[in-house]
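Written out below as structure tokens is the structure these notes cover.
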Amino acid sequence: MRVLACDGIHEDGLALFKQAGWTVEVSDPIKDPKVLAGKLEGFDAVLVRSATQVPAEALASAGKLRVIGRAGAGVDTIDVDAATARGIAVMNAPDGNTLAAAEHALSLLFALARHVPRADAGMKAGEWPKAGLTGFELEGKKLGVIGLGRIGATVARKAQGIGMEVAAHDPFLPASAAGKGSVPLMSLPDLLAWADVVTLHIPRTKDTTNLLDETRLRGMKPGAFLINAARGGLVDEDALLRLLEEGHLAGAALDTFVTEPLPKDSPLRGNPKLILTPHLGASTGEAQQAVSTILARQIIDFVATGAVAGCVNLPPLTPETAREVGPWMPLMTALGKLAARLVPAPTRLQVTYAGRTEGLDTRPLTRLLVAALLGPASGRVTPVNALHEAAARGLEVAETLGGDGDGFDRLLRIRVEGGGTVREIEATLHRGPRVVRLDGVELDFDPLAHILLMRNEDKPGVIGLVGSHLGAAGVNIVNFSLGATGDGGAIAAITVDREVPAPQLASLRGIPGILAMEQV
């Protein structure tokens with residue numbers, strides 16, 4: 001496995017990859033999408049921070065890429081939709097920099113309150129700039145927190161600790177959440193009109209871009225302050241400058257910007273009421289070490305066991321849950337491939353998990369099954385984009401949980417329809433991965449092995465001729481499972497020790513009494 005680490009990923013995380021046997025290549029930030037596209041060929045994973053962006057163009061030739069890892073929280077520099085469509089998992093490490101980001105927002109709060117940057121600059125210029133730098137005390141002031149996730153909640157807790165009155169607005173929390181926590185929730189207009197200081201702690205999405213436009217900024221209390229240490233683009237920068245120059249807002253502190261690095265000629269640089277820092281929110285040694293190791297463990301576990309943590313385009317699957325569903329994963333892939341051979345153009349898939357199903361997270365299992373079912377058709381299908389591809393190809397996927405396991409601890413029932421054909425498979429992990437019924441006929445075979453599926457007339461001599469033909473071809477029969485269909489026919493699953501060559505397969509199909517012979 002190969003991983004490309006851009007943007008100065010901490011060595012502790014890279015060491016974990018090396019210990020797991022991965023090949024690690026370190027790169028400076030790659031700003032040109034075409035250059036990144038060429039670089040990604042042959043890599044299984046890429047790690048980035050905020051400098052290297054990963055647009056759709058960069059993924060065009062990434063045929064092997066399985067994971068994009070963001071050493072931090074925000075993934076707005078990654079085209080997640082494009083990655084999902086190509087079956088690439090996108091992971092982040094949102095917990096690793098929580099404390100660093102929260103403390104930086106608070107440092108900007110203190111700097112605004114006491115004019116620290118202007119005082120420092122004046123002193124170093126040989127001045128004694130005491131006049132005009134009268135600040136204000138934070139105790140008793142009202143702090144409005146937009147976004148009450150990990151970072152926002154930490155800021156709120158610490159601000160309460162210094163005596164500030166704190167309220168919040170979170171566009172991602174339901175209205176029913178109001179009043180249930182230690183921080184009261186308000187509507188956005190009410191919060192802006194109430195707060196002495198507003199601080200942002202939300203991701204940048206289509207819905208949150210320019211959340212604080214000119215209208216909402218004018219809705220802030222006159223003389224209030226604004227802090228954005230979350231993501232660039234949440235605040236209309238031109239409108240912010242106008243309101244600062246007009247005096248409606250007393251000051252602001254920005255750590256993130258629409259364009260990064262901030263252009264040298266940006267008008268933001270010349271406004272004395274603005275404090276600017278170069279996206280330092282996660283820039284502590286502790287945070288960089290934490291996000292790199294968290295991300296490395298997530299990616300290594302994902303590739304090795306299928307565990308999904310910190311993945312923004314797959315349902316979460318902890319290592320503990322992965323151990324529970326792990327034994328089922330090879331079976332699901334094998335059954336998907338079997339179903340694809342039985343129904344080449346499926347239009348409906350019904351999956352039923354019967355028997356004891358408590359504690360079984362079926363989401364990754366169904367995705368694996370669909371990925372294997374669609375894989376032979378065209379394109380690259382993985383659990384990441386399996387359901388998206390199913391919808392695009394007109395495959396209806398339905399899942400049922402519960403029901404009689406027919407004597408088995410857990411029983412999986414699969415019904416595949418397409419082109420006027422309906423096929424049914426029942427499987428279990430009892431005594432290893434086993435198919436126990438095919439189209440209602442009791443059989444017993446390992447779908448992970450080399451299998452010949454045969455339909456034949458139920459009459460003497462057919463099985464003997466099959467054995468003779470295989471023996472003449474040097475193919476050994478490992479297991480022969482046969483069941484009568486009740487209409488004068490039979491179905492057999494013949495486990496062989498190796499793949500049967502095409503000429504011998506054609507010879508088998510020519511045996512009198514053989515109605516169909518398929519290698520799966």
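Letters for chains follow the order of the structure tokens (A, B, ...), residue numbers begin at 1 for each chain, and ligand numbers begin at 1 in the order shown.
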
Those in range 28-124 of chain A with helix (DSSP H, G or I) from DSSP, as a PyMOL selection string: chain A and resi 33-40+56-59+80-85+98-114+116-124

Dump as JSON lines the rows for residues of range 60-179 of chain A within 10 Å of range 24-38 of chain A: closest atom pair and distance in Å with one decimal, only C-alpha atoms counted, ordered by chain and rising residue number.
```
{"residue": "A:Ala60", "atom": "CA", "partner": "A:Ala37", "partner_atom": "CA", "distance": 6.7}
{"residue": "A:Ser61", "atom": "CA", "partner": "A:Ala37", "partner_atom": "CA", "distance": 6.2}
{"residue": "A:Ala62", "atom": "CA", "partner": "A:Ala37", "partner_atom": "CA", "distance": 6.8}
```

Closest pair table for range 61-139 of chain A residues within 9 Å of range 253-269 of chain A, only C-alpha atoms, as a Markdown table:
```
| residue | atom | partner | partner_atom | distance |
| --- | --- | --- | --- | --- |
| A:His104 | CA | A:Asp255 | CA | 8.9 |
| A:Ala105 | CA | A:Asp255 | CA | 8.5 |
| A:Leu108 | CA | A:Ala253 | CA | 6.2 |
| A:Leu109 | CA | A:Ala253 | CA | 7.9 |
| A:Ala111 | CA | A:Ala253 | CA | 8.6 |
| A:Leu112 | CA | A:Ala253 | CA | 7.2 |
```

Residue neighbourhood range 163-166 of chain A, 12 Å, only C-alpha atoms, exclusion window fewer than 4 positions, as an MDAnalysis selection string: chainID A and resid 106 109 137:146 148 152:159 181:186 191 194:199

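Once Asp409 in chain A and its same-chain neighbours fewer than 3 positions away are set aside, Gly355, Arg356, Gly405 and His430 of chain A remain within 8 Å of it when counting only C-alpha atoms.
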
Just N, CA and C atoms for this one: save the residues we selected as a short mmCIF file (atom, residue, chain, number, x, y, z; two decimals), in the first residue's frame.
```cif
data_model
loop_
_atom_site.label_atom_id
_atom_site.label_comp_id
_atom_site.auth_asym_id
_atom_site.auth_seq_id
_atom_site.Cartn_x
_atom_site.Cartn_y
_atom_site.Cartn_z
N GLY A 355 -32.98 -14.10 11.79
CA GLY A 355 -32.39 -14.72 12.97
C GLY A 355 -31.97 -13.67 13.98
N ARG A 356 -30.87 -13.94 14.68
CA ARG A 356 -30.38 -13.01 15.71
C ARG A 356 -29.64 -11.86 15.03
N GLY A 405 -34.85 -17.32 11.41
CA GLY A 405 -33.58 -17.76 10.85
C GLY A 405 -33.57 -19.20 10.38
N HIS A 430 -22.64 -20.40 9.49
CA HIS A 430 -22.57 -21.64 10.26
C HIS A 430 -21.55 -22.58 9.61
#
```

Residue neighbourhood range 309-319 of chain A, 6 Å, only C-alpha atoms, exclusion window fewer than 5 positions, as number ranges by chain: A: 90-92, 298

Selection near Asp12 in chain A, 8 Å with only C-alpha atoms, sequence-local residues under 2 positions removed, as an mmCIF file with N, CA and C atoms, in the first residue's frame:
```
data_model
loop_
_atom_site.group_PDB
_atom_site.id
_atom_site.type_symbol
_atom_site.label_atom_id
_atom_site.label_comp_id
_atom_site.auth_asym_id
_atom_site.auth_seq_id
_atom_site.Cartn_x
_atom_site.Cartn_y
_atom_site.Cartn_z
ATOM 1 N N HIS A 10 2.324 15.427 10.240
ATOM 2 C CA HIS A 10 3.217 15.136 11.359
ATOM 3 C C HIS A 10 3.828 13.741 11.241
ATOM 4 N N LEU A 14 2.868 9.404 10.059
ATOM 5 C CA LEU A 14 3.563 8.702 8.977
ATOM 6 C C LEU A 14 4.265 7.451 9.504
ATOM 7 N N ALA A 15 4.763 7.533 10.748
ATOM 8 C CA ALA A 15 5.427 6.372 11.347
ATOM 9 C C ALA A 15 4.463 5.203 11.500
ATOM 10 N N LEU A 16 3.209 5.491 11.808
ATOM 11 C CA LEU A 16 2.216 4.412 11.940
ATOM 12 C C LEU A 16 1.995 3.707 10.610
ATOM 13 N N GLN A 289 0.121 16.580 15.896
ATOM 14 C CA GLN A 289 0.459 15.194 16.245
ATOM 15 C C GLN A 289 -0.810 14.358 16.371
ATOM 16 N N SER A 292 -2.687 13.688 12.926
ATOM 17 C CA SER A 292 -1.949 12.777 12.046
ATOM 18 C C SER A 292 -2.072 11.335 12.517
ATOM 19 N N THR A 293 -1.985 11.114 13.821
ATOM 20 C CA THR A 293 -2.073 9.739 14.319
ATOM 21 C C THR A 293 -3.509 9.218 14.263
#
```

Selection: 8 Å around Ala82 in chain A, only C-alpha atoms, excl. self and same-chain fewer than 3 positions, as a PyMOL selection string: chain A and resi 55-56+59+79+85-86

Would you mind listing, for every residue of range 418-470 of chain A within 10 Å of range 489-497 of chain A, the two atoms forming the shortest contact and the distance between them in Å to one decimal, using only C-alpha atoms, sorted by chain and ascending residue number, as a Markdown table?
```
| residue | atom | partner | partner_atom | distance |
| --- | --- | --- | --- | --- |
| A:Val435 | CA | A:Ala493 | CA | 9.7 |
| A:Leu438 | CA | A:Ile491 | CA | 8.3 |
| A:Asp439 | CA | A:Ile491 | CA | 9.1 |
| A:Val441 | CA | A:Ile491 | CA | 7.4 |
| A:Glu442 | CA | A:Ile491 | CA | 9.2 |
| A:Leu443 | CA | A:Ala493 | CA | 7.2 |
| A:Asp444 | CA | A:Ala493 | CA | 7.8 |
| A:Phe445 | CA | A:Ala493 | CA | 6.7 |
| A:Asp446 | CA | A:Thr495 | CA | 7.8 |
| A:Pro447 | CA | A:Thr495 | CA | 8.9 |
| A:Leu448 | CA | A:Thr495 | CA | 9.9 |
| A:Ala449 | CA | A:Thr495 | CA | 6.7 |
| A:His450 | CA | A:Val496 | CA | 5.6 |
| A:Ile451 | CA | A:Thr495 | CA | 4.7 |
| A:Leu452 | CA | A:Ile494 | CA | 4.9 |
| A:Leu453 | CA | A:Ala493 | CA | 4.8 |
| A:Met454 | CA | A:Ala492 | CA | 5.0 |
| A:Arg455 | CA | A:Ile491 | CA | 4.7 |
| A:Asn456 | CA | A:Ala490 | CA | 5.4 |
| A:Glu457 | CA | A:Gly489 | CA | 4.4 |
| A:Asp458 | CA | A:Gly489 | CA | 4.6 |
| A:Lys459 | CA | A:Gly489 | CA | 8.2 |
| A:Ile463 | CA | A:Ala492 | CA | 9.4 |
| A:Val466 | CA | A:Ile494 | CA | 9.8 |
| A:Gly467 | CA | A:Ile494 | CA | 9.9 |
| A:Leu470 | CA | A:Val496 | CA | 9.0 |
```

Dump of N, CA and C atoms for the selected residues, as a PDB file, in the first residue's frame:
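Dumped everything to out_7.pdb:
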```pdb
ATOM      1  N   VAL A 435     -23.502 -21.230   1.423  1.00  0.00           N
ATOM      2  CA  VAL A 435     -24.816 -21.100   0.799  1.00  0.00           C
ATOM      3  C   VAL A 435     -25.582 -22.360   1.145  1.00  0.00           C
ATOM      4  N   LEU A 438     -30.401 -22.503  -2.793  1.00  0.00           N
ATOM      5  CA  LEU A 438     -30.364 -21.761  -4.040  1.00  0.00           C
ATOM      6  C   LEU A 438     -31.684 -21.992  -4.752  1.00  0.00           C
ATOM      7  N   ASP A 439     -32.432 -20.917  -4.953  1.00  0.00           N
ATOM      8  CA  ASP A 439     -33.757 -20.991  -5.575  1.00  0.00           C
ATOM      9  C   ASP A 439     -34.662 -21.993  -4.862  1.00  0.00           C
ATOM     10  N   VAL A 441     -33.879 -24.655  -3.271  1.00  0.00           N
ATOM     11  CA  VAL A 441     -33.347 -26.024  -3.217  1.00  0.00           C
ATOM     12  C   VAL A 441     -32.221 -26.070  -2.185  1.00  0.00           C
ATOM     13  N   GLU A 442     -32.270 -27.024  -1.272  1.00  0.00           N
ATOM     14  CA  GLU A 442     -31.241 -27.143  -0.240  1.00  0.00           C
ATOM     15  C   GLU A 442     -29.925 -27.628  -0.850  1.00  0.00           C
ATOM     16  N   LEU A 443     -28.890 -26.816  -0.663  1.00  0.00           N
ATOM     17  CA  LEU A 443     -27.534 -27.146  -1.096  1.00  0.00           C
ATOM     18  C   LEU A 443     -26.598 -26.797   0.049  1.00  0.00           C
ATOM     19  N   ASP A 444     -25.321 -27.070  -0.147  1.00  0.00           N
ATOM     20  CA  ASP A 444     -24.334 -26.712   0.879  1.00  0.00           C
ATOM     21  C   ASP A 444     -22.995 -26.525   0.194  1.00  0.00           C
ATOM     22  N   PHE A 445     -22.593 -25.242   0.012  1.00  0.00           N
ATOM     23  CA  PHE A 445     -21.296 -25.000  -0.632  1.00  0.00           C
ATOM     24  C   PHE A 445     -20.735 -23.666  -0.179  1.00  0.00           C
ATOM     25  N   ASP A 446     -19.420 -23.555  -0.317  1.00  0.00           N
ATOM     26  CA  ASP A 446     -18.687 -22.353   0.043  1.00  0.00           C
ATOM     27  C   ASP A 446     -18.631 -21.434  -1.170  1.00  0.00           C
ATOM     28  N   PRO A 447     -19.293 -20.253  -1.143  1.00  0.00           N
ATOM     29  CA  PRO A 447     -19.299 -19.383  -2.322  1.00  0.00           C
ATOM     30  C   PRO A 447     -17.961 -18.715  -2.593  1.00  0.00           C
ATOM     31  N   LEU A 448     -17.014 -18.818  -1.633  1.00  0.00           N
ATOM     32  CA  LEU A 448     -15.699 -18.234  -1.853  1.00  0.00           C
ATOM     33  C   LEU A 448     -14.793 -19.154  -2.668  1.00  0.00           C
ATOM     34  N   ALA A 449     -15.223 -20.400  -2.880  1.00  0.00           N
ATOM     35  CA  ALA A 449     -14.413 -21.382  -3.605  1.00  0.00           C
ATOM     36  C   ALA A 449     -14.713 -21.316  -5.106  1.00  0.00           C
ATOM     37  N   HIS A 450     -13.996 -22.148  -5.888  1.00  0.00           N
ATOM     38  CA  HIS A 450     -14.305 -22.294  -7.310  1.00  0.00           C
ATOM     39  C   HIS A 450     -15.541 -23.174  -7.421  1.00  0.00           C
ATOM     40  N   ILE A 451     -16.611 -22.631  -7.985  1.00  0.00           N
ATOM     41  CA  ILE A 451     -17.889 -23.329  -8.019  1.00  0.00           C
ATOM     42  C   ILE A 451     -18.385 -23.461  -9.460  1.00  0.00           C
ATOM     43  N   LEU A 452     -18.912 -24.653  -9.774  1.00  0.00           N
ATOM     44  CA  LEU A 452     -19.694 -24.861 -10.985  1.00  0.00           C
ATOM     45  C   LEU A 452     -21.147 -25.037 -10.560  1.00  0.00           C
ATOM     46  N   LEU A 453     -22.031 -24.191 -11.082  1.00  0.00           N
ATOM     47  CA  LEU A 453     -23.457 -24.350 -10.827  1.00  0.00           C
ATOM     48  C   LEU A 453     -24.091 -25.044 -12.021  1.00  0.00           C
ATOM     49  N   MET A 454     -24.786 -26.132 -11.740  1.00  0.00           N
ATOM     50  CA  MET A 454     -25.331 -26.969 -12.808  1.00  0.00           C
ATOM     51  C   MET A 454     -26.827 -27.166 -12.619  1.00  0.00           C
ATOM     52  N   ARG A 455     -27.571 -27.019 -13.712  1.00  0.00           N
ATOM     53  CA  ARG A 455     -28.956 -27.480 -13.752  1.00  0.00           C
ATOM     54  C   ARG A 455     -29.019 -28.646 -14.723  1.00  0.00           C
ATOM     55  N   ASN A 456     -29.645 -29.714 -14.297  1.00  0.00           N
ATOM     56  CA  ASN A 456     -29.648 -30.922 -15.118  1.00  0.00           C
ATOM     57  C   ASN A 456     -30.945 -31.690 -14.961  1.00  0.00           C
ATOM     58  N   GLU A 457     -31.186 -32.591 -15.895  1.00  0.00           N
ATOM     59  CA  GLU A 457     -32.299 -33.528 -15.768  1.00  0.00           C
ATOM     60  C   GLU A 457     -31.951 -34.526 -14.666  1.00  0.00           C
ATOM     61  N   ASP A 458     -32.934 -34.786 -13.812  1.00  0.00           N
ATOM     62  CA  ASP A 458     -32.694 -35.677 -12.665  1.00  0.00           C
ATOM     63  C   ASP A 458     -32.842 -37.126 -13.118  1.00  0.00           C
ATOM     64  N   LYS A 459     -31.769 -37.649 -13.724  1.00  0.00           N
ATOM     65  CA  LYS A 459     -31.791 -39.021 -14.234  1.00  0.00           C
ATOM     66  C   LYS A 459     -30.416 -39.647 -14.049  1.00  0.00           C
ATOM     67  N   ILE A 463     -24.355 -37.329 -13.355  1.00  0.00           N
ATOM     68  CA  ILE A 463     -23.291 -36.953 -12.421  1.00  0.00           C
ATOM     69  C   ILE A 463     -22.000 -37.693 -12.747  1.00  0.00           C
ATOM     70  N   VAL A 466     -20.274 -36.048 -15.622  1.00  0.00           N
ATOM     71  CA  VAL A 466     -19.632 -34.788 -15.209  1.00  0.00           C
ATOM     72  C   VAL A 466     -18.304 -35.077 -14.527  1.00  0.00           C
ATOM     73  N   GLY A 467     -18.300 -36.057 -13.605  1.00  0.00           N
ATOM     74  CA  GLY A 467     -17.059 -36.409 -12.915  1.00  0.00           C
ATOM     75  C   GLY A 467     -15.991 -36.891 -13.872  1.00  0.00           C
ATOM     76  N   LEU A 470     -14.520 -33.874 -15.841  1.00  0.00           N
ATOM     77  CA  LEU A 470     -13.631 -33.071 -15.020  1.00  0.00           C
ATOM     78  C   LEU A 470     -12.327 -33.803 -14.737  1.00  0.00           C
TER      79      LEU A 470
END
```

Range 28-276 of chain A: residues DSSP assigns to strand (DSSP E), reported as an MDAnalysis selection string: chainID A and resid 45:48 67:70 89:92 142:146 165:169 197:200 224:228 249:254 274:276

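Minimum atom-to-atom distance to Gly281 in chain A, evaluated using only C-alpha atoms, belongs to A:Gly96 out of A:Gly147, A:Gly96, A:Pro171, A:Gly461.
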
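Computed from the coordinates, the CA of Glu245 in chain A to CA of Pro272 in chain A distance equals 9.6 Å.
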
Nearest candidate to Glu246 in chain A (options A:Gly513, A:Gly285, A:Gly232, A:Pro222; using only C-alpha atoms): A:Pro222

Pairwise distance for CA of Glu237 in chain A and CA of Asn271 in chain A, rounded to one decimal in Å: 11.9 Å
